[in-house]
$ cat query31.txt   # compact mmCIF, C-alpha atoms
# COMPACT_ATOMS: atom_id res chain seq x y z
CA MET A 1330 -56.86 83.24 -120.22
CA LYS A 1331 -54.58 86.07 -121.32
CA ASN A 1332 -53.68 88.90 -118.99
CA GLY A 1333 -55.90 91.90 -119.33
CA GLU A 1334 -59.00 89.92 -120.29
CA THR A 1335 -61.71 90.03 -117.67
CA ALA A 1336 -62.35 86.74 -115.93
CA GLY A 1337 -65.96 87.53 -115.05
CA SER A 1338 -67.22 87.75 -111.49
CA ALA A 1339 -67.03 84.83 -109.07
CA ARG A 1340 -70.81 84.87 -108.83
CA HIS A 1341 -71.14 84.56 -112.58
CA TRP A 1342 -69.00 81.41 -112.65
CA PHE A 1343 -70.62 79.92 -109.57
CA LEU A 1344 -73.97 80.29 -111.34
CA ALA A 1345 -72.47 78.86 -114.53
CA GLY A 1346 -71.41 75.83 -112.49
CA MET A 1347 -74.88 75.56 -110.95
CA MET A 1348 -76.43 75.53 -114.43
CA GLY A 1349 -74.54 72.27 -115.02
CA ILE A 1350 -77.45 70.62 -113.19
CA PHE A 1351 -79.31 70.78 -116.52
CA SER A 1352 -76.61 68.88 -118.44
CA LEU A 1353 -77.08 65.31 -119.71
CA PRO A 1354 -74.64 63.73 -117.22
CA ALA A 1355 -76.43 65.46 -114.32
CA THR A 1356 -79.84 64.33 -115.62
CA ILE A 1357 -78.73 60.71 -115.95
CA LEU A 1358 -77.19 60.86 -112.49
CA MET A 1359 -80.43 62.19 -110.98
CA LEU A 1360 -82.44 59.42 -112.65
CA SER A 1361 -79.90 56.95 -111.27
CA PHE A 1362 -80.46 58.47 -107.83
CA VAL A 1363 -84.20 57.90 -108.18
CA GLY A 1364 -83.24 54.31 -109.00
CA PHE A 1365 -80.95 54.13 -105.97
CA CYS A 1366 -83.78 55.57 -103.90
CA ALA A 1367 -86.11 52.81 -105.14
CA PHE A 1368 -83.43 50.24 -104.27
CA THR A 1369 -83.12 51.53 -100.69
CA ALA A 1370 -86.88 51.99 -100.27
CA GLN A 1371 -87.58 48.44 -101.42
CA ALA A 1372 -84.86 47.19 -99.09
CA GLY A 1373 -86.49 49.06 -96.22
CA ILE A 1374 -83.69 51.52 -95.33
CA PRO A 1375 -85.28 54.56 -93.59
CA VAL A 1376 -85.44 57.77 -95.67
CA GLU A 1377 -83.39 59.85 -93.17
CA GLN A 1378 -80.54 57.36 -93.47
CA VAL A 1379 -80.74 57.46 -97.28
CA VAL A 1380 -80.63 61.28 -97.42
CA PHE A 1381 -77.73 61.30 -94.94
CA MET A 1382 -75.94 58.72 -97.08
CA VAL A 1383 -76.36 60.79 -100.26
CA GLY A 1384 -74.78 63.85 -98.62
CA ALA A 1385 -72.12 62.01 -96.61
CA VAL A 1386 -70.89 59.37 -99.04
CA TRP A 1387 -71.93 60.92 -102.35
CA ALA A 1388 -70.21 58.43 -104.70
CA LEU A 1389 -72.96 56.13 -106.00
CA PRO A 1390 -70.94 52.88 -106.31
CA ALA A 1391 -69.70 53.35 -102.73
CA LYS A 1392 -73.31 53.83 -101.54
CA VAL A 1393 -74.53 50.74 -103.39
CA ILE A 1394 -71.75 48.71 -101.74
CA LEU A 1395 -72.51 50.28 -98.35
CA VAL A 1396 -76.22 49.41 -98.64
CA SER A 1397 -75.42 45.88 -99.87
CA SER A 1398 -73.08 45.43 -96.90
CA ILE A 1399 -75.72 46.68 -94.45
CA LEU A 1400 -78.39 44.40 -95.95
CA GLY A 1401 -76.00 41.46 -95.91
CA GLY A 1402 -75.41 41.99 -92.19
CA ALA A 1403 -71.72 42.86 -92.58
CA ASN A 1404 -69.98 44.30 -89.52
CA ILE A 1405 -68.68 47.87 -89.63
CA LEU A 1406 -65.08 46.83 -90.40
CA THR A 1407 -66.02 44.57 -93.33
CA ALA A 1408 -68.30 47.30 -94.70
CA PHE A 1409 -65.54 49.90 -94.28
CA ILE A 1410 -63.04 47.73 -96.18
CA ALA A 1411 -65.44 47.00 -99.04
CA VAL A 1412 -66.49 50.66 -99.37
CA THR A 1413 -62.98 52.05 -99.02
CA LEU A 1414 -61.60 49.64 -101.64
CA SER A 1415 -64.32 50.72 -104.06
CA SER A 1416 -63.34 54.34 -103.46
CA ILE A 1417 -59.59 54.12 -104.06
CA ARG A 1418 -60.26 55.33 -107.58
CA LEU A 1419 -61.41 58.66 -106.06
CA MET A 1420 -57.79 59.38 -105.14
CA PRO A 1421 -56.36 59.45 -108.69
CA MET A 1422 -59.52 61.22 -109.88
CA VAL A 1423 -59.09 63.99 -107.32
CA ALA A 1424 -55.33 64.07 -107.86
CA ALA A 1425 -55.90 64.58 -111.58
CA LEU A 1426 -58.56 67.26 -111.06
CA VAL A 1427 -56.73 69.35 -108.44
CA PRO A 1428 -53.96 70.67 -110.72
CA GLU A 1429 -56.65 71.65 -113.25
CA ILE A 1430 -58.72 73.80 -110.91
CA ARG A 1431 -56.37 75.37 -108.38
CA THR A 1432 -54.14 78.42 -108.57
CA GLU A 1433 -51.07 79.13 -106.42
CA ARG A 1434 -53.29 80.99 -103.97
CA THR A 1435 -55.92 78.29 -103.50
CA PRO A 1436 -55.84 77.19 -99.83
CA THR A 1437 -55.52 73.45 -99.19
CA TRP A 1438 -58.50 73.41 -96.78
CA LEU A 1439 -60.74 74.61 -99.60
CA LEU A 1440 -59.53 71.81 -101.87
CA LEU A 1441 -60.04 69.27 -99.06
CA PHE A 1442 -63.60 70.55 -98.59
CA LEU A 1443 -64.45 70.62 -102.30
CA SER A 1444 -62.94 67.18 -102.90
CA HIS A 1445 -65.98 65.74 -101.13
CA PHE A 1446 -68.09 66.67 -104.14
CA VAL A 1447 -65.97 64.57 -106.52
CA ALA A 1448 -67.60 61.41 -107.87
CA ILE A 1449 -67.74 59.98 -111.39
CA THR A 1450 -70.27 62.45 -112.83
CA ALA A 1451 -68.84 65.62 -111.28
CA TRP A 1452 -65.36 64.55 -112.26
CA VAL A 1453 -66.19 63.80 -115.90
CA PHE A 1454 -68.16 67.05 -116.13
CA ALA A 1455 -65.40 69.15 -114.53
CA MET A 1456 -62.52 67.65 -116.51
CA GLU A 1457 -64.48 68.31 -119.70
CA ARG A 1458 -65.75 71.83 -119.10
CA VAL A 1459 -63.13 73.41 -116.87
CA GLN A 1460 -60.89 74.04 -119.88
CA SER A 1461 -63.23 76.80 -121.04
CA VAL A 1462 -63.32 78.50 -117.61
CA PRO A 1463 -60.68 81.12 -116.69
CA ARG A 1464 -58.22 79.49 -114.27
CA GLU A 1465 -58.89 81.84 -111.35
CA ARG A 1466 -62.62 80.99 -111.58
CA ARG A 1467 -62.36 77.22 -111.92
CA ILE A 1468 -62.63 76.55 -108.17
CA VAL A 1469 -65.82 78.62 -108.02
CA PHE A 1470 -67.20 76.93 -111.13
CA PHE A 1471 -66.56 73.47 -109.70
CA ALA A 1472 -68.00 74.47 -106.31
CA GLY A 1473 -71.16 75.74 -108.00
CA PHE A 1474 -71.64 72.50 -109.90
CA GLY A 1475 -70.56 70.04 -107.19
CA ILE A 1476 -72.50 71.56 -104.29
CA THR A 1477 -75.64 72.03 -106.39
CA LEU A 1478 -75.52 68.43 -107.62
CA VAL A 1479 -75.18 66.98 -104.10
CA LEU A 1480 -77.90 69.19 -102.57
CA ALA A 1481 -80.27 68.60 -105.49
CA ASN A 1482 -79.90 64.84 -105.15
CA MET A 1483 -80.39 64.95 -101.36
CA ILE A 1484 -83.66 66.84 -101.88
CA LEU A 1485 -84.63 64.60 -104.79
CA VAL A 1486 -84.11 61.42 -102.77
CA GLY A 1487 -85.97 62.84 -99.77
CA VAL A 1488 -88.96 63.84 -101.88
CA VAL A 1489 -89.08 60.83 -104.19
CA TYR A 1490 -88.62 58.18 -101.47
CA GLN A 1491 -92.28 58.08 -100.45
CA PHE A 1492 -93.40 57.65 -104.07
CA VAL A 1493 -90.90 55.08 -105.33
CA THR A 1494 -92.52 52.20 -103.50
CA GLU A 1495 -95.81 53.08 -105.20
CA PHE A 1496 -94.26 53.21 -108.66
CA PRO A 1497 -95.66 50.73 -111.17
CA PRO A 1498 -93.37 47.66 -111.14
CA ILE A 1499 -92.09 48.39 -114.66
CA VAL A 1500 -90.94 51.91 -113.66
CA ALA A 1501 -89.33 50.69 -110.43
CA GLY A 1502 -87.56 47.90 -112.31
CA CYS A 1503 -86.27 50.21 -115.04
CA LEU A 1504 -85.03 52.79 -112.53
CA PHE A 1505 -83.19 50.10 -110.60
CA PHE A 1506 -81.59 48.93 -113.84
CA LEU A 1507 -80.48 52.46 -114.71
CA THR A 1508 -77.66 52.33 -112.13
CA PRO A 1509 -75.68 49.35 -113.52
CA VAL A 1510 -76.31 50.42 -117.12
CA TYR A 1511 -75.26 54.01 -116.40
CA PHE A 1512 -72.07 52.85 -114.65
CA LEU A 1513 -71.18 50.57 -117.55
CA THR A 1514 -71.48 53.27 -120.19
CA SER A 1515 -69.93 56.05 -118.11
CA ILE A 1516 -66.89 53.96 -117.13
CA TRP A 1517 -66.39 52.87 -120.73
CA SER A 1518 -66.79 56.31 -122.27
CA SER A 1519 -64.74 58.18 -119.65
CA ALA A 1520 -61.85 55.65 -119.70
CA ARG A 1521 -58.57 57.19 -120.76
CA HIS A 1522 -56.36 54.14 -120.21
CA PRO A 1523 -56.51 50.72 -121.88
CA VAL A 1524 -56.28 48.93 -118.53
CA ILE A 1525 -59.76 50.27 -117.65
CA TYR A 1526 -61.41 48.27 -120.45
CA VAL A 1527 -59.64 45.05 -119.43
CA ALA A 1528 -60.45 45.58 -115.74
CA LEU A 1529 -64.10 46.29 -116.55
CA ALA A 1530 -64.44 43.03 -118.49
CA VAL A 1531 -62.55 40.97 -115.88
CA GLY A 1532 -64.53 42.50 -113.01
CA LEU A 1533 -67.87 41.73 -114.68
CA VAL A 1534 -66.91 38.03 -114.77
CA ALA A 1535 -64.99 37.93 -111.47
CA GLY A 1536 -67.90 39.46 -109.50
CA PRO A 1537 -70.32 36.55 -110.02
CA VAL A 1538 -67.51 33.96 -109.81
CA PHE A 1539 -66.40 35.18 -106.37
CA TYR A 1540 -70.02 35.57 -105.29
CA TRP A 1541 -70.32 31.84 -105.95
CA ILE A 1542 -67.03 30.96 -104.18
CA ALA A 1543 -67.01 33.37 -101.22
CA PRO A 1544 -70.19 35.49 -101.01
CA GLU A 1545 -69.06 37.51 -97.96
CA PHE A 1546 -65.94 38.88 -99.64
CA ASP A 1547 -66.99 38.70 -103.31
CA ILE A 1548 -66.65 42.40 -104.23
CA LEU A 1549 -63.36 42.75 -102.39
CA LEU A 1550 -61.84 39.61 -103.95
CA ALA A 1551 -63.15 40.44 -107.42
CA GLY A 1552 -61.64 43.91 -107.14
CA VAL A 1553 -58.20 42.99 -105.87
CA GLY A 1554 -57.90 39.62 -107.66
CA GLY A 1555 -59.65 40.59 -110.89
CA GLY A 1556 -58.03 44.02 -110.99
CA THR A 1557 -54.55 42.61 -110.47
CA ALA A 1558 -55.15 39.99 -113.19
CA ALA A 1559 -56.38 42.70 -115.56
CA TRP A 1560 -53.38 44.88 -114.77
CA LEU A 1561 -50.92 41.99 -115.35
CA ALA A 1562 -52.61 41.07 -118.64
CA GLU A 1563 -52.68 44.64 -119.91
CA ARG A 1564 -49.08 45.22 -118.84
CA SER A 1565 -47.79 42.10 -120.59
CA TRP A 1566 -49.65 43.08 -123.80
CA ARG A 1567 -48.19 46.54 -123.54
CA GLN A 1568 -44.65 45.23 -122.98
CA ARG A 1569 -44.95 42.77 -125.88
CA LYS A 1570 -46.17 45.58 -128.12
CA GLU A 1571 -43.29 47.79 -127.02
CA ALA A 1572 -40.81 44.96 -127.61
CA ARG A 1573 -42.08 44.53 -131.16
CA ALA A 1574 -42.05 48.25 -131.87
CA MET B 1136 -81.88 41.43 -94.71
CA THR B 1137 -80.51 43.60 -91.93
CA ILE B 1138 -81.70 47.17 -91.28
CA LEU B 1139 -79.69 49.42 -88.95
CA GLU B 1140 -81.60 51.44 -86.36
CA GLY B 1141 -81.13 54.58 -84.27
CA TRP B 1142 -77.85 56.43 -83.78
CA TRP B 1143 -75.82 53.35 -84.65
CA ALA B 1144 -77.02 53.62 -88.27
CA TYR B 1145 -75.51 57.10 -88.56
CA VAL B 1146 -72.24 56.06 -86.92
CA PHE B 1147 -72.11 53.09 -89.30
CA ILE B 1148 -72.74 55.27 -92.37
CA ALA B 1149 -70.34 57.98 -91.17
CA ILE B 1150 -67.47 55.53 -90.62
CA ALA B 1151 -68.04 52.81 -93.25
CA GLY B 1152 -69.38 55.31 -95.82
CA TRP B 1153 -68.28 58.89 -95.28
CA LEU B 1154 -64.83 58.32 -93.81
CA ALA B 1155 -64.19 55.33 -96.09
CA THR B 1156 -64.69 57.48 -99.19
CA ASP B 1157 -63.36 60.87 -98.06
CA ILE B 1158 -59.97 59.46 -96.99
CA TRP B 1159 -59.22 58.81 -100.66
CA ARG B 1160 -60.48 62.24 -101.74
CA TRP B 1161 -58.25 63.90 -99.12
CA LEU B 1162 -55.27 61.77 -100.14
CA GLY B 1163 -56.02 62.75 -103.72
CA VAL B 1164 -55.82 66.44 -102.83
CA LEU B 1165 -52.60 65.97 -100.84
CA THR B 1166 -51.01 63.90 -103.59
CA GLY B 1167 -52.16 66.41 -106.19
CA ASN B 1168 -49.84 66.73 -109.08
CA ARG B 1169 -47.07 64.83 -107.30
CA LEU B 1170 -48.75 61.62 -108.43
CA ARG B 1171 -47.21 60.50 -111.68
CA GLU B 1172 -49.89 59.91 -114.30
CA ASP B 1173 -47.79 57.30 -116.11
CA SER B 1174 -46.70 55.24 -113.09
CA GLU B 1175 -47.34 51.51 -112.98
CA ALA B 1176 -48.66 51.78 -109.40
CA LEU B 1177 -51.40 54.14 -110.54
CA ASN B 1178 -52.24 51.75 -113.38
CA TRP B 1179 -52.73 48.93 -110.86
CA VAL B 1180 -54.89 51.16 -108.66
CA ARG B 1181 -57.02 52.02 -111.69
CA ALA B 1182 -57.43 48.35 -112.57
CA VAL B 1183 -58.44 47.29 -109.06
CA ALA B 1184 -60.86 50.21 -108.70
CA THR B 1185 -62.51 49.50 -112.04
CA ALA B 1186 -62.78 45.75 -111.41
CA LEU B 1187 -64.43 46.47 -108.07
CA VAL B 1188 -67.09 48.69 -109.61
CA ALA B 1189 -67.53 46.15 -112.43
CA ALA B 1190 -68.16 43.40 -109.86
CA VAL B 1191 -70.85 45.58 -108.28
CA ILE B 1192 -72.42 46.15 -111.71
CA ALA B 1193 -72.47 42.41 -112.44
CA LYS B 1194 -74.10 41.70 -109.08
CA LEU B 1195 -76.78 44.32 -109.67
CA ILE B 1196 -77.59 42.75 -113.05
CA LEU B 1197 -77.41 39.07 -112.01
CA TYR B 1198 -78.81 39.34 -108.48
CA PRO B 1199 -81.08 42.41 -108.38
CA THR B 1200 -83.34 43.27 -105.46
CA GLY B 1201 -86.96 44.43 -105.58
CA VAL B 1202 -89.12 44.07 -108.68
CA LEU B 1203 -86.34 42.72 -110.90
CA GLU B 1204 -85.74 39.79 -108.54
CA GLN B 1205 -88.70 38.07 -110.25
CA SER B 1206 -87.63 38.98 -113.79
CA PRO B 1207 -85.89 36.35 -115.94
CA LEU B 1208 -82.10 36.52 -116.23
CA TRP B 1209 -82.21 36.32 -120.04
CA LEU B 1210 -84.23 39.54 -120.18
CA ARG B 1211 -81.74 41.44 -118.00
CA LEU B 1212 -78.74 40.13 -119.93
CA GLY B 1213 -80.53 40.71 -123.26
CA SER B 1214 -81.21 44.34 -122.30
CA VAL B 1215 -77.55 44.92 -121.44
CA VAL B 1216 -76.39 43.29 -124.70
CA ALA B 1217 -78.89 45.37 -126.72
CA GLY B 1218 -77.77 48.52 -124.91
CA ALA B 1219 -74.09 47.73 -125.50
CA THR B 1220 -74.75 47.06 -129.21
CA ALA B 1221 -76.57 50.39 -129.61
CA PHE B 1222 -73.87 52.17 -127.58
CA PHE B 1223 -71.10 51.02 -129.94
CA ALA B 1224 -73.22 51.46 -133.08
CA ALA B 1225 -73.92 55.07 -132.03
CA ARG B 1226 -70.23 55.96 -131.58
CA GLN B 1227 -70.30 55.34 -127.84
CA LYS B 1228 -72.99 57.83 -126.95
CA PRO B 1229 -73.97 56.99 -123.33
CA ALA B 1230 -77.56 58.27 -123.71
CA ILE B 1231 -78.23 55.92 -126.67
CA GLY B 1232 -76.87 52.87 -124.85
CA ILE B 1233 -78.76 53.62 -121.66
CA ALA B 1234 -82.05 54.39 -123.45
CA THR B 1235 -81.85 51.19 -125.51
CA ALA B 1236 -81.10 48.94 -122.53
CA ILE B 1237 -83.89 50.45 -120.45
CA GLY B 1238 -86.30 50.41 -123.44
CA VAL B 1239 -85.70 46.70 -124.09
CA LEU B 1240 -86.11 45.93 -120.39
CA ALA B 1241 -89.38 47.92 -120.21
CA VAL B 1242 -90.85 46.19 -123.27
CA GLY B 1243 -89.77 42.80 -121.93
CA LEU B 1244 -91.25 43.43 -118.47
CA TYR B 1245 -94.50 44.62 -120.08
CA ALA B 1246 -94.68 41.56 -122.35
CA LEU B 1247 -94.15 39.29 -119.33
CA GLY B 1248 -97.05 40.97 -117.53
CA PHE B 1249 -95.21 43.00 -114.86
$ encode --input "query31.txt" --output "structure tokens"
Amino acid sequence: MKNGETAGSARHWFLAGMMGIFSLPATILMLSFVGFCAFTAQAGIPVEQVVFMVGAVWALPAKVILVSSILGGANILTAFIAVTLSSIRLMPMVAALVPEIRTERTPTWLLLFLSHFVAITAWVFAMERVQSVPRERRIVFFAGFGITLVLANMILVGVVYQFVTEFPPIVAGCLFFLTPVYFLTSIWSSARHPVIYVALAVGLVAGPVFYWIAPEFDILLAGVGGGTAAWLAERSWRQRKEARA
Amino acid sequence: MTILEGWWAYVFIAIAGWLATDIWRWLGVLTGNRLREDSEALNWVRAVATALVAAVIAKLILYPTGVLEQSPLWLRLGSVVAGATAFFAARQKPAIGIATAIGVLAVGLYALGF
């Protein structure tokens, strides 16, 4: 944005962010949340806990792992480790987003607060669209989108919960399936580094293998073991390519 | 299957869910642009994070809960393969891949009398 051009009011950009609720990524995410809602309803988790989870945890993979841990009877420490390991990727995501949306005057507490609204969908959406928003309005734009998306999904889950168990089996099954399929495509299409593709493939195989070997720690072992293997493989390919170049 | 009850459920979710995820968001803010995008450490973190989510995806497909528990494995895998094929054929458009996978699953479930 050049000096002298008007940036538009904060309210205008907050509303522009809110309108992001009608974008394709937001729509897919909401359908995935209906699917997640069906998953929790079928598992018997009370609706108040599910709504609380949506607002408090927000990231869908973390919630799926949390619910799986609860259902599997994991203790709070094991659940914490599994969830926190699945959420490490939030750190580089936030770290990459922050320099894009802040100005020199943005207070750190505001960034800490708004970081809660970062998850795959909000991140992909923000990184894509924020380029066309004047820098001094980016925080407001992201706040409008992020807060709206979380609140809308909390309401959605609360309302839909009582109906999902009465869905025809085909609908319930398809909604459940939306979550893994959505994650697969969104990870693949938002990947910016080759190591992501390798890690995705290795993780898909390592998950079931570790489930077979050590079901209590399968996700954790598949993540650390499979991820490290993927990283080593990708690094050695990269180094060999660089050596040849 | 275990279901948590009362206040303990909220403590459990707040610690093992909320705190477990927000720590990384806060660290992300504090690290900000000091984190080097091209560092090998960040590459490893990316790989571990992605493999973790991939393991969750595989578990959801291979060992689903609810209605899909009774569906045959070949149908679930076939839907994913069909979705992936459409996804790549359509220049990696997520909506095409997702719609194809879900469409194949729906037709399959219907044909099997679900």
$ closest_residue --input "query31.txt" --among "A:Gln1568, A:Leu1480, A:Ile1468, A:Ala1388" --to "Arg1418 in chain A" --atoms "only C-alpha atoms"
A:Ala1388
$ interface_residues --input "query31.txt" --of "chain B" --to "chain A" --cutoff "6 Å" --atoms "only C-alpha atoms" --output "PyMOL selection string"
chain B and resi 1136-1137+1151-1153+1155-1156+1159-1161+1163-1164+1167-1168+1179+1182-1187+1189-1190+1192-1193+1201-1203+1229+1237
$ atom_distance --input "query31.txt" --atom1 "CA of Gly1232 in chain B" --atom2 "CA of Gly1213 in chain B"
12.8 Å
$ atom_distance --input "query31.txt" --atom1 "CA of Tyr1145 in chain B" --atom2 "CA of Val1486 in chain A"
17.2 Å
$ atom_distance --input "query31.txt" --atom1 "CA of Leu1210 in chain B" --atom2 "CA of Tyr1245 in chain B"
11.5 Å
$ decode --input "query31.txt" --residues "range 1355-1417 of chain A" --atoms "C-alpha atoms" --output "compact mmCIF listing (two decimals), in the first residue's frame"
# COMPACT_ATOMS: atom_id res chain seq x y z
CA ALA A 1355 -14.49 -22.30 5.19
CA THR A 1356 -17.36 -24.33 3.69
CA ILE A 1357 -15.30 -27.53 3.57
CA LEU A 1358 -14.12 -26.91 7.12
CA MET A 1359 -17.70 -26.48 8.36
CA LEU A 1360 -18.77 -29.71 6.66
CA SER A 1361 -15.77 -31.38 8.29
CA PHE A 1362 -16.97 -30.02 11.62
CA VAL A 1363 -20.38 -31.58 11.04
CA GLY A 1364 -18.44 -34.79 10.41
CA PHE A 1365 -16.42 -34.31 13.59
CA CYS A 1366 -19.68 -33.64 15.42
CA ALA A 1367 -21.08 -36.95 14.12
CA PHE A 1368 -17.89 -38.69 15.26
CA THR A 1369 -18.20 -37.30 18.81
CA ALA A 1370 -21.97 -37.87 18.95
CA GLN A 1371 -21.60 -41.49 17.88
CA ALA A 1372 -18.83 -41.93 20.43
CA GLY A 1373 -21.11 -40.52 23.12
CA ILE A 1374 -19.14 -37.38 24.11
CA PRO A 1375 -21.62 -34.86 25.64
CA VAL A 1376 -22.47 -31.84 23.44
CA GLU A 1377 -21.25 -29.25 26.00
CA GLN A 1378 -17.82 -30.89 25.98
CA VAL A 1379 -17.76 -30.91 22.16
CA VAL A 1380 -18.66 -27.20 21.89
CA PHE A 1381 -16.06 -26.36 24.56
CA MET A 1382 -13.50 -28.40 22.64
CA VAL A 1383 -14.22 -26.57 19.37
CA GLY A 1384 -13.64 -23.16 21.00
CA ALA A 1385 -10.74 -24.19 23.26
CA VAL A 1386 -8.68 -26.44 21.00
CA TRP A 1387 -9.84 -25.28 17.58
CA ALA A 1388 -7.34 -27.25 15.44
CA LEU A 1389 -9.27 -30.22 14.04
CA PRO A 1390 -6.45 -32.81 13.98
CA ALA A 1391 -5.65 -31.97 17.62
CA LYS A 1392 -9.33 -32.47 18.54
CA VAL A 1393 -9.54 -35.80 16.73
CA ILE A 1394 -6.44 -36.98 18.63
CA LEU A 1395 -7.85 -35.62 21.90
CA VAL A 1396 -11.16 -37.46 21.39
CA SER A 1397 -9.36 -40.66 20.34
CA SER A 1398 -7.21 -40.41 23.48
CA ILE A 1399 -10.26 -39.89 25.70
CA LEU A 1400 -12.10 -42.82 24.11
CA GLY A 1401 -9.02 -45.01 24.41
CA GLY A 1402 -8.87 -44.29 28.14
CA ALA A 1403 -5.54 -42.46 27.96
CA ASN A 1404 -4.48 -40.56 31.09
CA ILE A 1405 -4.17 -36.77 30.94
CA LEU A 1406 -0.38 -36.82 30.45
CA THR A 1407 -0.46 -39.29 27.55
CA ALA A 1408 -3.28 -37.30 25.93
CA PHE A 1409 -1.36 -34.05 26.45
CA ILE A 1410 1.77 -35.48 24.79
CA ALA A 1411 -0.13 -36.88 21.81
CA VAL A 1412 -2.09 -33.64 21.28
CA THR A 1413 0.89 -31.35 21.82
CA LEU A 1414 3.05 -33.35 19.38
CA SER A 1415 0.33 -33.08 16.75
CA SER A 1416 0.25 -29.32 17.29
CA ILE A 1417 3.96 -28.53 16.95
